[in-house]
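S.K.: Below are the structure tokens for one structure; questions will follow.
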Amino acid sequence: MSDALLPAFFERNELDKDRREAFAAEFLTLLAERTGRYTMGDSTSVRAETAERLARGILCCVGLHLRSRGAKETAERSVKALYEAGVQDARRQARRAKLLLRQAEANRPPVENVGFSDTLAALPAFFERYDAAFFAHEIPCDIDYPLCSPVPDELFGAEYVAEYLRRWNMECAFLRRFEAPLLSLLYTRRFGDAGLLVNLYAPVAEAALGRALSGKRAQGLFADETDRALIYGRVGRASKDAARSALLAAAERVCGELGVAGGRDKRT
Amino acid sequence: MENTRLPDVVRKMEEHLSGELRACNLRTARYGLKLSETSIAALARRRADALRDAGRVEFGESAVPKLIEAFCDSPYLLQEDYERTIGELTEAFYSLKNDSFDRIADDELIEKMRACYDAYEGCLDAVTGLTLASVLRGRRLDDAEEDADE
């Protein structure tokens, strides 16, 4: 079983031996109960893979609730209580993700690729198939589009999808500041015909940053030889700290010019 | 969770099964069938092995008492073969559960196994050689009849 699903207090050995043993015993009792519920009493046994999926679902809910409330609750609440609260948390995350999906559908960028369109079309299936009570950790749909800044590995299920969509919307809010022909030209020059599954935000952000570093408006996107020489002077030849400061200042200018901050669209 | 007392929990599950099998003795006595403590321990081990070999996990109640309950009144089940028969039925049961992708309920599968056992006059090979197709054959007919009724 993936260690990433084990509650952090287990990983960090925060619990004393008795509490760890009690947790394990309570967990197994709960797993037996959930397995019985899953088979609806039709079967005394399940495949090991099914038992593992059920176990991961429980751990996901427990972990989700502990992350939201803090590990101190473990001393006071039973594993079953933590799991049940975690199921509610997972359902809340799914509702949040659904709102973020509506936002994503309403705010599409001017140019899309196959990975983007397919993923957006596949995401509604997540909400039809997601089962917080049994398999809260699973993502029952295909998410192929790579984000510029991927979702951390410690997130699962609805929490992962909500965070994925939050980041997705931030990237789209940025892309919507640019004209479609300019974006298409940038993608064609950068990827040719190989841009079916690449991230759409990263090359635009890089280009906009480059323009800002060369003292030009970000929305133009393309840099000429003079711009490149300026950029090299400000970043390539500068010390690490100076380069970082220049990049941060340029990023601020880009966000200011485009009116984007914190993933929200300042124009709407 | 490697530093916990998981083996204790597993041992408790085995003890639980042993208790269930002892309780079965009370019900099977009238058919002249009884499991000794040695047989109970052997069946508990065999069930654990069968589960492991089939890649299955069982919590709480076991299917073994259900098998005993279903087969104990068969005229072909005799005391001298009792432990061996239940052991082999247990292995066949978990294997068939896997073959059916868990689409057959325990009780339904046990019923088919018992019918086959009696039809072949207690021949265990017939039961252990049951295929998914033969188990489902009657079920499809039932389903078709239900559909026709609707």
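Chain labels run A, B, ... following the order of the structure tokens; each chain numbers its residues from 1, and ligands are numbered from 1 in the order shown.
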Show which residues sit within 10 Å of segment 88-104 of chain B, as number ranges by chain. Count only C-alpha atoms, and ignore same-chain residues fewer than 2 positions away.
M.R.: A: 39, 42-43, 45-47; B: 43, 46-57, 63-65, 67-68, 71, 83-86, 106-110, 113-114, 117, 124-125, 127-133, 135-136, 139
S.K.: Per residue of chain A within 9 Å of chain B, record the nearest atom pair and its distance in Å to one decimal, counting only C-alpha atoms, with rows in chain order and ascending residue number, as a Markdown table.
M.R.:
| residue | atom | partner | partner_atom | distance |
| --- | --- | --- | --- | --- |
| A:Leu6 | CA | B:Met1 | CA | 8.4 |
| A:Phe10 | CA | B:Met1 | CA | 7.4 |
| A:Glu11 | CA | B:Met1 | CA | 8.9 |
| A:Lys17 | CA | B:Thr4 | CA | 7.5 |
| A:Asp18 | CA | B:Thr4 | CA | 8.7 |
| A:Arg20 | CA | B:Thr4 | CA | 6.3 |
| A:Glu21 | CA | B:Thr4 | CA | 4.9 |
| A:Ala22 | CA | B:Thr4 | CA | 8.5 |
| A:Phe23 | CA | B:Thr4 | CA | 8.8 |
| A:Ala24 | CA | B:Thr4 | CA | 6.7 |
| A:Ala25 | CA | B:Val9 | CA | 6.9 |
| A:Leu28 | CA | B:Val9 | CA | 8.1 |
| A:Thr29 | CA | B:Phe59 | CA | 8.5 |
| A:Leu31 | CA | B:Phe59 | CA | 8.2 |
| A:Ala32 | CA | B:Phe59 | CA | 5.1 |
| A:Glu33 | CA | B:Phe59 | CA | 8.3 |
| A:Thr35 | CA | B:Phe59 | CA | 7.7 |
| A:Gly36 | CA | B:Phe59 | CA | 8.2 |
| A:Thr39 | CA | B:Ala105 | CA | 8.8 |
| A:Gly41 | CA | B:Ala105 | CA | 8.5 |
| A:Asp42 | CA | B:Ala105 | CA | 4.7 |
| A:Ser43 | CA | B:Asp106 | CA | 5.2 |
| A:Thr44 | CA | B:Glu58 | CA | 5.9 |
| A:Ser45 | CA | B:Glu58 | CA | 4.1 |
| A:Val46 | CA | B:Val57 | CA | 5.5 |
| A:Arg47 | CA | B:Arg56 | CA | 4.1 |
| A:Ala48 | CA | B:Arg56 | CA | 4.7 |
| A:Glu49 | CA | B:Arg56 | CA | 8.0 |
| A:Thr50 | CA | B:Arg56 | CA | 8.7 |
| A:Ala51 | CA | B:Val57 | CA | 6.8 |
S.K.: Could you name the residues that touch segment 25-39 of chain B at 7 Å or less, counting only C-alpha atoms, but leaving out those on the same chain fewer than 5 positions away, as a list in words?
M.R.: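 Surrounding residues, per the criterion: Cys72, Asp73, Gln79 and Glu83 of chain B.
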S.K.: Could you name the residues that touch Val62 of chain A at 6 Å or less, counting only C-alpha atoms, but leaving out those on the same chain fewer than 5 positions away, as a list in words?
M.R.: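 Answer for this query is Leu82, Tyr83 and Gly86 of chain A.
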